[in-house]
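Before any comments, here is the structure.
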Amino acid sequence: MHDSSVDLAPTDAAMLRGDEGAAAAFAMEILVAFADALGAPSLLDITRAHIDGCLYHGQASLDFVERLVSTGGRVRVPTSLNVGAVDLIHPELVRLSPREKNPAVRLMKAHEELGCRPSFTCAPYQTEFRPVFGEQIAWGESNAIVFANSVIGARTNRYGDFIDLCCAITGRAPAWGLHLDENRAGQILFRLTGFPATQLATDGLYVAIGLLIGAKSADRIPVIENLPAPVSEDQLKALGAAAASSGSVGMFQAVGITPEAPTLEDAFRGSHPQEIVEISPGDVRHTLLDLSTVADGTPITAVCLGTPHFSRVEWLRLLALLRDIAPARGIPIYVNTGRATLNQLEGAGLAGELPAFSVIPVVDTCTYLTPILRSLDGVVMTNSGKWAHYAPGNIGVEVAFGEMDDCIRSAAAGRVVRESI
Amino acid sequence: MHSFGSRRPRCQGVDLIRAARTYAAGEAEGAALVLTAPLSFWGGVDVDTGNVIDRSHPDRGKNVTARILVMPGGRGSSSASAVLAETIRRGTGPSAIVLSVPDPILTVGALVAQSLYGLRCPIVVCAIDGIATGDRLRVQALDHVASVVHIG
């Protein structure tokens with residue numbers, strides 16, 4: 001290993017020497033090199049990790065985890081897992097050949113052998129793994145990172161492949177970036193201007209604001225002023241997911257809404273915005289229209305909801321809409337959700353009515369990552385800014401964006417119907 | 001720990017020496033491919049071919065395989081570590097990477113490939129001005145210091 005300028009605690013140095021076993025030494029070696037390249041002066045303790053490495057990218061991903069398994073690796077903090085490439089509860093949904101499916105499944109299982117919990121969700125913040133305000137964590141998955149930092153006020157950098165797992169195995173992370181007070185101040189101000197006083201907190205507004213701030217913030221921390229108070233935290237989840245899709249946002253602040261921004265001054269921690277950007281109702285409208293690659297009235301072949309994974313609250317909203325609108329054309333409505341959330345729904349006796357409306361719950365994975373949709377030829381409607389952003393490139397579909405109620409109306413009509421945008 | 005560049009006047013044989021800092025150790029020799037913009041390996045490099053496939057990158061279509069990849073930095077994406085490691089495993093990756101600023105994501109990818117497969121892709125940081133595509137370079141990255149030498 002090369003010389004490092006990271007000041008290691010005695011316990012770090014002992015782990016690096018192999019006192020805690022070969023797997024911990026291997027993970028610590030990589031973590032120290034990473035911290036050194038960041039310029040972090042030292043490491044700090046973390047109390048949770050969320051691992052984004054169980055989606056198969058190639059043999060190297062699997063070899064890395066197998067190395068940790070074979071050398072006795074074990075995570076030191078409660079560790080949740082992000083989505084994989086396969087729905088392990090409903091494996092028949094994923095249309096991969098055995099040659100493609102086997103290493104993808106093995107990668108998910110190998111993580112469990114390290115002591116990671118099989119949550120397989122991109123919304124761990126809406127499960128038992130939710131951190132608390134001020135908690136130091138090492139999380140992967142862009143939308144989860146933004147939610148943890150922004151909506152909860154927990155502290156994580158944008159961790160990714162290999163490193164999130166090294167943090168989990170060592171229980172340490174570089175003392176750097178968003179872990180530290182001084183790096184959590186807002187840097188760029190987005191001010192909603194020209195909206196009516198009666199502006200409603202619609203889902204679409206939150207998606208559009210997320211996409212707009214992501215595109216213009218680069219890696220700066222955006223602060224949003226004049227955002228109407230959200231109806232639920234799911235709207236903030238949609239905003240963060242959109243911002244992390246159109247840019248590399250790791251944290252946002254919404255004045256009067258998120259915990260570190262009771263006032264504009266708090267959001268900037270006494271400093272001044274580097275830039276001020278005004279967002280008009282026209283910007284919101286154009287952003288939402290740009291998400292669709294087709295015109296209203298175009299026939300659709302499927303609806304995809306739940307990116308990020310549907311919460312219990314979102315399921316209850318969906319069930320009410322299904323009963324009200326009663327789509328009966330057999331157009332599949334795929335809903336990505338965590339297995340724990342689906343269990344709750346089944347336990348409450350609420351999942352029984354889903355097949356009648358052609359609702360297909362998908363767990364452990366997401367419909368834009370892996371071949372699940374029966375047909376990729378037609379247009380797919382979604383209420384997710386993230387899904388609309390990635391799916392055309394990832395799986396080659398045409399997309400129509402609409403709010404959840406319009407998605408269900410469209411499923412009932414068999415074509416794109418939009419009343420809410 | 002700061003990287004620095006020093007330039008020797010051109011003379012026969014060795015005519016460009018850069019003192020550099022090692023982020024992943026190793027040695028490599030070969031032709032430079034100088035990129036004008038940072039490149040993310042995830043979504044930016046095809047692991048089958050080593051081609052630059054990022055549509056928005058000015059050097060799209062060029063090939064990184066066995067080249068000494070010289071660029072200002074890596075760009076963001078946290079999945080780039082896995083993609084770099086995979087290209088090294090497959091033999092489609094660069095033989096070394098010379099950056100002007102440290103990149104933690106690429107460093108991790110190179111270290112993982114070295115640990116898993118014993119394959120080295122040294123990563124060093126130094127001033128990269130004056131290096132042109134096609135220059136033959138030798139990168140020697142020892143445990144703490146490194147050099148980048150122009151050999152023709």
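Identifiers in this document derive from the order of the structure tokens: chains are assigned A, B, ..., residues are numbered from 1 separately in each chain, and ligands are numbered from 1 in order of occurrence.
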
As a PyMOL selection string, could you give me every residue of chain A near chain B (at most 8 Å apart, counting only C-alpha atoms)?
chain A and resi 1-3+5+30+33-38+57-61+63-64+67+158-163+248

Those of region 82-182 of chain A in DSSP alpha helix (DSSP H), formatted as a PDB file with N, CA, C and O atoms, in the first residue's frame:
```
ATOM      1  N   PRO A  98     -31.027 -18.030 -17.411  1.00  0.00           N
ATOM      2  CA  PRO A  98     -30.345 -18.519 -16.210  1.00  0.00           C
ATOM      3  C   PRO A  98     -28.894 -18.030 -16.135  1.00  0.00           C
ATOM      4  O   PRO A  98     -28.383 -17.751 -15.069  1.00  0.00           O
ATOM      5  N   ARG A  99     -28.248 -17.910 -17.289  1.00  0.00           N
ATOM      6  CA  ARG A  99     -26.861 -17.459 -17.308  1.00  0.00           C
ATOM      7  C   ARG A  99     -26.735 -16.025 -16.779  1.00  0.00           C
ATOM      8  O   ARG A  99     -25.750 -15.657 -16.165  1.00  0.00           O
ATOM      9  N   GLU A 100     -27.753 -15.218 -17.050  1.00  0.00           N
ATOM     10  CA  GLU A 100     -27.742 -13.848 -16.549  1.00  0.00           C
ATOM     11  C   GLU A 100     -28.260 -13.771 -15.122  1.00  0.00           C
ATOM     12  O   GLU A 100     -27.817 -12.972 -14.320  1.00  0.00           O
ATOM     13  N   LYS A 101     -29.227 -14.650 -14.822  1.00  0.00           N
ATOM     14  CA  LYS A 101     -29.896 -14.553 -13.533  1.00  0.00           C
ATOM     15  C   LYS A 101     -29.024 -15.105 -12.405  1.00  0.00           C
ATOM     16  O   LYS A 101     -28.987 -14.543 -11.307  1.00  0.00           O
ATOM     17  N   ASN A 102     -28.289 -16.194 -12.672  1.00  0.00           N
ATOM     18  CA  ASN A 102     -27.567 -16.859 -11.582  1.00  0.00           C
ATOM     19  C   ASN A 102     -26.544 -15.978 -10.866  1.00  0.00           C
ATOM     20  O   ASN A 102     -26.576 -15.889  -9.644  1.00  0.00           O
ATOM     21  N   PRO A 103     -25.649 -15.302 -11.602  1.00  0.00           N
ATOM     22  CA  PRO A 103     -24.707 -14.434 -10.868  1.00  0.00           C
ATOM     23  C   PRO A 103     -25.409 -13.263 -10.190  1.00  0.00           C
ATOM     24  O   PRO A 103     -24.971 -12.805  -9.124  1.00  0.00           O
ATOM     25  N   ALA A 104     -26.510 -12.792 -10.768  1.00  0.00           N
ATOM     26  CA  ALA A 104     -27.239 -11.665 -10.174  1.00  0.00           C
ATOM     27  C   ALA A 104     -27.858 -12.085  -8.841  1.00  0.00           C
ATOM     28  O   ALA A 104     -27.825 -11.337  -7.860  1.00  0.00           O
ATOM     29  N   VAL A 105     -28.404 -13.303  -8.814  1.00  0.00           N
ATOM     30  CA  VAL A 105     -28.991 -13.819  -7.567  1.00  0.00           C
ATOM     31  C   VAL A 105     -27.885 -14.098  -6.551  1.00  0.00           C
ATOM     32  O   VAL A 105     -28.021 -13.766  -5.376  1.00  0.00           O
ATOM     33  N   ARG A 106     -26.789 -14.688  -7.016  1.00  0.00           N
ATOM     34  CA  ARG A 106     -25.674 -14.994  -6.110  1.00  0.00           C
ATOM     35  C   ARG A 106     -25.144 -13.710  -5.454  1.00  0.00           C
ATOM     36  O   ARG A 106     -24.817 -13.695  -4.260  1.00  0.00           O
ATOM     37  N   LEU A 107     -25.080 -12.633  -6.229  1.00  0.00           N
ATOM     38  CA  LEU A 107     -24.570 -11.368  -5.690  1.00  0.00           C
ATOM     39  C   LEU A 107     -25.466 -10.896  -4.531  1.00  0.00           C
ATOM     40  O   LEU A 107     -24.966 -10.447  -3.491  1.00  0.00           O
ATOM     41  N   MET A 108     -26.776 -11.028  -4.691  1.00  0.00           N
ATOM     42  CA  MET A 108     -27.702 -10.611  -3.632  1.00  0.00           C
ATOM     43  C   MET A 108     -27.525 -11.493  -2.395  1.00  0.00           C
ATOM     44  O   MET A 108     -27.451 -11.021  -1.265  1.00  0.00           O
ATOM     45  N   LYS A 109     -27.423 -12.809  -2.629  1.00  0.00           N
ATOM     46  CA  LYS A 109     -27.294 -13.758  -1.508  1.00  0.00           C
ATOM     47  C   LYS A 109     -25.953 -13.585  -0.787  1.00  0.00           C
ATOM     48  O   LYS A 109     -25.873 -13.717   0.438  1.00  0.00           O
ATOM     49  N   ALA A 110     -24.887 -13.332  -1.554  1.00  0.00           N
ATOM     50  CA  ALA A 110     -23.554 -13.185  -0.946  1.00  0.00           C
ATOM     51  C   ALA A 110     -23.545 -12.008   0.031  1.00  0.00           C
ATOM     52  O   ALA A 110     -22.915 -12.075   1.086  1.00  0.00           O
ATOM     53  N   HIS A 111     -24.256 -10.955  -0.299  1.00  0.00           N
ATOM     54  CA  HIS A 111     -24.347  -9.822   0.632  1.00  0.00           C
ATOM     55  C   HIS A 111     -25.018 -10.239   1.938  1.00  0.00           C
ATOM     56  O   HIS A 111     -24.626  -9.801   3.012  1.00  0.00           O
ATOM     57  N   GLU A 112     -26.026 -11.087   1.840  1.00  0.00           N
ATOM     58  CA  GLU A 112     -26.694 -11.564   3.059  1.00  0.00           C
ATOM     59  C   GLU A 112     -25.717 -12.364   3.925  1.00  0.00           C
ATOM     60  O   GLU A 112     -25.781 -12.306   5.153  1.00  0.00           O
ATOM     61  N   GLU A 113     -24.800 -13.088   3.282  1.00  0.00           N
ATOM     62  CA  GLU A 113     -23.828 -13.883   4.045  1.00  0.00           C
ATOM     63  C   GLU A 113     -22.847 -13.002   4.808  1.00  0.00           C
ATOM     64  O   GLU A 113     -22.175 -13.467   5.722  1.00  0.00           O
ATOM     65  N   SER A 142     -28.507   6.931  -4.842  1.00  0.00           N
ATOM     66  CA  SER A 142     -28.587   8.393  -4.866  1.00  0.00           C
ATOM     67  C   SER A 142     -29.838   8.949  -4.190  1.00  0.00           C
ATOM     68  O   SER A 142     -29.762   9.921  -3.448  1.00  0.00           O
ATOM     69  N   ASN A 143     -31.000   8.328  -4.410  1.00  0.00           N
ATOM     70  CA  ASN A 143     -32.216   8.916  -3.829  1.00  0.00           C
ATOM     71  C   ASN A 143     -32.231   8.735  -2.314  1.00  0.00           C
ATOM     72  O   ASN A 143     -32.717   9.600  -1.582  1.00  0.00           O
ATOM     73  N   ALA A 144     -31.685   7.618  -1.845  1.00  0.00           N
ATOM     74  CA  ALA A 144     -31.654   7.359  -0.400  1.00  0.00           C
ATOM     75  C   ALA A 144     -30.702   8.325   0.297  1.00  0.00           C
ATOM     76  O   ALA A 144     -30.981   8.821   1.399  1.00  0.00           O
ATOM     77  N   ILE A 145     -29.599   8.613  -0.360  1.00  0.00           N
ATOM     78  CA  ILE A 145     -28.612   9.558   0.175  1.00  0.00           C
ATOM     79  C   ILE A 145     -29.253  10.940   0.348  1.00  0.00           C
ATOM     80  O   ILE A 145     -29.132  11.576   1.392  1.00  0.00           O
ATOM     81  N   VAL A 146     -29.941  11.390  -0.703  1.00  0.00           N
ATOM     82  CA  VAL A 146     -30.567  12.715  -0.645  1.00  0.00           C
ATOM     83  C   VAL A 146     -31.623  12.755   0.449  1.00  0.00           C
ATOM     84  O   VAL A 146     -31.704  13.725   1.216  1.00  0.00           O
ATOM     85  N   PHE A 147     -32.435  11.716   0.550  1.00  0.00           N
ATOM     86  CA  PHE A 147     -33.501  11.708   1.559  1.00  0.00           C
ATOM     87  C   PHE A 147     -32.906  11.738   2.961  1.00  0.00           C
ATOM     88  O   PHE A 147     -33.337  12.513   3.818  1.00  0.00           O
ATOM     89  N   ILE A 163     -17.071   0.855  -1.813  1.00  0.00           N
ATOM     90  CA  ILE A 163     -16.766   1.671  -0.637  1.00  0.00           C
ATOM     91  C   ILE A 163     -17.874   1.604   0.407  1.00  0.00           C
ATOM     92  O   ILE A 163     -17.606   1.554   1.618  1.00  0.00           O
ATOM     93  N   ASP A 164     -19.137   1.576  -0.024  1.00  0.00           N
ATOM     94  CA  ASP A 164     -20.219   1.473   0.967  1.00  0.00           C
ATOM     95  C   ASP A 164     -20.038   0.200   1.796  1.00  0.00           C
ATOM     96  O   ASP A 164     -20.185   0.198   3.020  1.00  0.00           O
ATOM     97  N   LEU A 165     -19.633  -0.872   1.114  1.00  0.00           N
ATOM     98  CA  LEU A 165     -19.441  -2.136   1.835  1.00  0.00           C
ATOM     99  C   LEU A 165     -18.189  -2.093   2.724  1.00  0.00           C
ATOM    100  O   LEU A 165     -18.193  -2.644   3.834  1.00  0.00           O
ATOM    101  N   CYS A 166     -17.139  -1.420   2.261  1.00  0.00           N
ATOM    102  CA  CYS A 166     -15.943  -1.263   3.110  1.00  0.00           C
ATOM    103  C   CYS A 166     -16.306  -0.491   4.383  1.00  0.00           C
ATOM    104  O   CYS A 166     -15.803  -0.805   5.468  1.00  0.00           O
ATOM    105  N   CYS A 167     -17.170   0.500   4.269  1.00  0.00           N
ATOM    106  CA  CYS A 167     -17.620   1.253   5.454  1.00  0.00           C
ATOM    107  C   CYS A 167     -18.405   0.335   6.391  1.00  0.00           C
ATOM    108  O   CYS A 167     -18.217   0.368   7.617  1.00  0.00           O
ATOM    109  N   ALA A 168     -19.277  -0.489   5.834  1.00  0.00           N
ATOM    110  CA  ALA A 168     -20.095  -1.385   6.657  1.00  0.00           C
ATOM    111  C   ALA A 168     -19.226  -2.408   7.391  1.00  0.00           C
ATOM    112  O   ALA A 168     -19.446  -2.720   8.562  1.00  0.00           O
ATOM    113  N   ILE A 169     -18.223  -2.934   6.681  1.00  0.00           N
ATOM    114  CA  ILE A 169     -17.358  -3.976   7.258  1.00  0.00           C
ATOM    115  C   ILE A 169     -16.453  -3.395   8.351  1.00  0.00           C
ATOM    116  O   ILE A 169     -16.133  -4.061   9.335  1.00  0.00           O
ATOM    117  N   THR A 170     -16.020  -2.140   8.169  1.00  0.00           N
ATOM    118  CA  THR A 170     -15.118  -1.528   9.152  1.00  0.00           C
ATOM    119  C   THR A 170     -15.865  -0.693  10.186  1.00  0.00           C
ATOM    120  O   THR A 170     -15.307  -0.368  11.242  1.00  0.00           O
TER     121      THR A 170
END
```

Quick one: residues within 9 Å of Ile97 (chain B), only C-alpha atoms, excluding same-chain residues fewer than 4 positions away - as an mmCIF file with N, CA, C and O atoms, in the first residue's frame?
```cif
data_model
loop_
_atom_site.group_PDB
_atom_site.id
_atom_site.type_symbol
_atom_site.label_atom_id
_atom_site.label_comp_id
_atom_site.auth_asym_id
_atom_site.auth_seq_id
_atom_site.Cartn_x
_atom_site.Cartn_y
_atom_site.Cartn_z
ATOM 1 N N ARG B 67 -3.908 1.927 -23.156
ATOM 2 C CA ARG B 67 -3.327 3.264 -23.281
ATOM 3 C C ARG B 67 -3.016 3.815 -21.896
ATOM 4 O O ARG B 67 -3.580 3.380 -20.893
ATOM 5 N N ILE B 68 -2.121 4.789 -21.851
ATOM 6 C CA ILE B 68 -1.935 5.539 -20.619
ATOM 7 C C ILE B 68 -2.931 6.692 -20.683
ATOM 8 O O ILE B 68 -2.779 7.619 -21.488
ATOM 9 N N LEU B 69 -3.973 6.550 -19.898
ATOM 10 C CA LEU B 69 -5.102 7.486 -19.983
ATOM 11 C C LEU B 69 -4.760 8.732 -19.173
ATOM 12 O O LEU B 69 -4.526 8.659 -17.966
ATOM 13 N N VAL B 70 -4.729 9.856 -19.869
ATOM 14 C CA VAL B 70 -4.371 11.127 -19.232
ATOM 15 C C VAL B 70 -5.597 12.027 -19.288
ATOM 16 O O VAL B 70 -6.132 12.262 -20.371
ATOM 17 N N MET B 71 -6.086 12.458 -18.138
ATOM 18 C CA MET B 71 -7.278 13.320 -18.162
ATOM 19 C C MET B 71 -7.342 14.177 -16.906
ATOM 20 O O MET B 71 -6.672 13.891 -15.919
ATOM 21 N N LEU B 106 -11.951 6.206 -8.933
ATOM 22 C CA LEU B 106 -11.054 5.431 -9.794
ATOM 23 C C LEU B 106 -9.984 4.724 -8.966
ATOM 24 O O LEU B 106 -9.612 3.587 -9.257
ATOM 25 N N CYS B 121 -3.179 -1.297 -12.445
ATOM 26 C CA CYS B 121 -3.402 -0.125 -13.293
ATOM 27 C C CYS B 121 -2.993 1.061 -12.427
ATOM 28 O O CYS B 121 -3.786 1.576 -11.652
ATOM 29 N N PRO B 122 -1.703 1.444 -12.484
ATOM 30 C CA PRO B 122 -1.257 2.526 -11.606
ATOM 31 C C PRO B 122 -2.047 3.812 -11.850
ATOM 32 O O PRO B 122 -2.402 4.114 -12.983
ATOM 33 N N ILE B 123 -2.321 4.532 -10.760
ATOM 34 C CA ILE B 123 -2.973 5.841 -10.862
ATOM 35 C C ILE B 123 -2.077 6.864 -10.186
ATOM 36 O O ILE B 123 -1.706 6.689 -9.016
ATOM 37 N N VAL B 124 -1.711 7.885 -10.935
ATOM 38 C CA VAL B 124 -0.849 8.935 -10.381
ATOM 39 C C VAL B 124 -1.462 10.298 -10.672
ATOM 40 O O VAL B 124 -2.279 10.450 -11.580
ATOM 41 N N VAL B 125 -1.062 11.264 -9.863
ATOM 42 C CA VAL B 125 -1.552 12.629 -10.042
ATOM 43 C C VAL B 125 -0.361 13.560 -10.240
ATOM 44 O O VAL B 125 0.591 13.529 -9.465
ATOM 45 N N VAL B 139 5.159 5.222 -16.818
ATOM 46 C CA VAL B 139 4.652 5.609 -15.501
ATOM 47 C C VAL B 139 5.243 4.642 -14.490
ATOM 48 O O VAL B 139 5.097 3.425 -14.628
#
```

Compile the contact shell of region 129-137 of chain B as a list in words: residues with an atom at most 8 Å away, counting only C-alpha atoms, same-chain residues fewer than 3 positions apart removed.
Glu29, Gly30, Ala31, Ala32, Leu33, Val34, Ile68, Val148, Val149, His150, Ile151 and Gly152 of chain B

Expected file contents, prior selection, N, CA and C atoms, as a PDB file, in the first residue's frame:
```
ATOM      1  N   GLU B  29       3.990   1.275 -19.436  1.00  0.00           N
ATOM      2  CA  GLU B  29       4.651   2.005 -20.504  1.00  0.00           C
ATOM      3  C   GLU B  29       3.749   1.915 -21.719  1.00  0.00           C
ATOM      4  N   GLY B  30       3.617   3.002 -22.442  1.00  0.00           N
ATOM      5  CA  GLY B  30       2.782   2.928 -23.635  1.00  0.00           C
ATOM      6  C   GLY B  30       2.413   4.290 -24.153  1.00  0.00           C
ATOM      7  N   ALA B  31       1.486   4.290 -25.110  1.00  0.00           N
ATOM      8  CA  ALA B  31       1.076   5.528 -25.764  1.00  0.00           C
ATOM      9  C   ALA B  31       0.005   6.223 -24.930  1.00  0.00           C
ATOM     10  N   ALA B  32       0.138   7.538 -24.822  1.00  0.00           N
ATOM     11  CA  ALA B  32      -0.836   8.325 -24.063  1.00  0.00           C
ATOM     12  C   ALA B  32      -2.109   8.530 -24.883  1.00  0.00           C
ATOM     13  N   LEU B  33      -3.245   8.511 -24.172  1.00  0.00           N
ATOM     14  CA  LEU B  33      -4.494   9.008 -24.748  1.00  0.00           C
ATOM     15  C   LEU B  33      -4.918  10.151 -23.835  1.00  0.00           C
ATOM     16  N   VAL B  34      -4.857  11.361 -24.365  1.00  0.00           N
ATOM     17  CA  VAL B  34      -5.169  12.530 -23.546  1.00  0.00           C
ATOM     18  C   VAL B  34      -6.613  12.952 -23.805  1.00  0.00           C
ATOM     19  N   ILE B  68      -2.121   4.789 -21.851  1.00  0.00           N
ATOM     20  CA  ILE B  68      -1.935   5.539 -20.619  1.00  0.00           C
ATOM     21  C   ILE B  68      -2.931   6.692 -20.683  1.00  0.00           C
ATOM     22  N   VAL B 148       6.399  10.303 -14.197  1.00  0.00           N
ATOM     23  CA  VAL B 148       5.867  10.101 -15.543  1.00  0.00           C
ATOM     24  C   VAL B 148       6.951  10.583 -16.494  1.00  0.00           C
ATOM     25  N   VAL B 149       7.442   9.671 -17.314  1.00  0.00           N
ATOM     26  CA  VAL B 149       8.591   9.982 -18.175  1.00  0.00           C
ATOM     27  C   VAL B 149       8.181   9.850 -19.630  1.00  0.00           C
ATOM     28  N   HIS B 150       8.581  10.828 -20.417  1.00  0.00           N
ATOM     29  CA  HIS B 150       8.338  10.817 -21.863  1.00  0.00           C
ATOM     30  C   HIS B 150       9.471  10.025 -22.496  1.00  0.00           C
ATOM     31  N   ILE B 151       9.143   8.973 -23.244  1.00  0.00           N
ATOM     32  CA  ILE B 151      10.222   8.129 -23.786  1.00  0.00           C
ATOM     33  C   ILE B 151      10.219   8.111 -25.309  1.00  0.00           C
ATOM     34  N   GLY B 152       9.505   9.030 -25.916  1.00  0.00           N
ATOM     35  CA  GLY B 152       9.573   9.072 -27.373  1.00  0.00           C
ATOM     36  C   GLY B 152       8.271   9.494 -27.997  1.00  0.00           C
TER      37      GLY B 152
END
```

Using DSSP assignments from the backbone, pull out every residue in region 55-89 of chain B that falls under strand (DSSP E) and give it to me as a compact mmCIF listing (two decimals) with all heavy atoms, in the first residue's frame.
```txt
# COMPACT_ATOMS: atom_id res chain seq x y z
N ILE B 68 -2.12 4.79 -21.85
CA ILE B 68 -1.93 5.54 -20.62
C ILE B 68 -2.93 6.69 -20.68
O ILE B 68 -2.78 7.62 -21.49
CB ILE B 68 -0.48 5.99 -20.45
CG1 ILE B 68 0.36 4.72 -20.24
CG2 ILE B 68 -0.36 6.96 -19.27
CD1 ILE B 68 1.80 4.93 -20.00
N LEU B 69 -3.97 6.55 -19.90
CA LEU B 69 -5.10 7.49 -19.98
C LEU B 69 -4.76 8.73 -19.17
O LEU B 69 -4.53 8.66 -17.97
CB LEU B 69 -6.35 6.80 -19.44
CG LEU B 69 -7.65 7.57 -19.50
CD1 LEU B 69 -8.04 7.90 -20.95
CD2 LEU B 69 -8.78 6.76 -18.84
N VAL B 70 -4.73 9.86 -19.87
CA VAL B 70 -4.37 11.13 -19.23
C VAL B 70 -5.60 12.03 -19.29
O VAL B 70 -6.13 12.26 -20.37
CB VAL B 70 -3.19 11.80 -19.98
CG1 VAL B 70 -2.80 13.11 -19.29
CG2 VAL B 70 -1.99 10.86 -20.06
N MET B 71 -6.09 12.46 -18.14
CA MET B 71 -7.28 13.32 -18.16
C MET B 71 -7.34 14.18 -16.91
O MET B 71 -6.67 13.89 -15.92
CB MET B 71 -8.55 12.48 -18.33
CG MET B 71 -8.79 11.44 -17.25
SD MET B 71 -10.32 10.52 -17.60
CE MET B 71 -10.35 9.38 -16.23
```

So that I can check the surroundings of Arg220 (chain A), please list as a short mmCIF file (atom, residue, chain, number, x, y, z; two decimals) with C-alpha atoms, in the first residue's frame every protein, DNA and RNA residue that reaches within 8 Å of it, counting only C-alpha atoms and ignoring chain neighbours fewer than 5 positions away.
```cif
data_model
loop_
_atom_site.label_atom_id
_atom_site.label_comp_id
_atom_site.auth_asym_id
_atom_site.auth_seq_id
_atom_site.Cartn_x
_atom_site.Cartn_y
_atom_site.Cartn_z
CA GLY A 186 -26.57 25.79 1.15
CA GLN A 187 -24.65 27.10 -1.87
CA ILE A 188 -27.20 27.89 -4.57
CA VAL A 249 -27.20 16.39 -5.67
#
```

CA of Arg138 (chain B) and CA of Ala28 (chain B), how far apart in Å?
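So the two atoms, CA of Ala28 (chain B) and CA of Arg138 (chain B), lie 5.8 Å apart.
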
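Distance-wise, CA of Leu345 (chain A) and CA of Leu55 (chain A) end up 25.6 Å apart.
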
Tell me, in Å to one decimal, how far CA of Pro58 (chain B) is from CA of Ile128 (chain B).
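The value is 17.8 Å.
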
Quick one: everything within 9 Å of His90 (chain A), counting only C-alpha atoms, minus sequence neighbours fewer than 5 positions away in the same chain. Send it as a VMD selection string.
chain A and resid 361 to 363

Residues at most 12 Å from Tyr390 (chain A), counting only C-alpha atoms, excluding those fewer than 3 positions away in the same chain, as number ranges by chain?
A: 241-242, 244-246, 291, 307, 366-369, 382, 384-387, 393-399
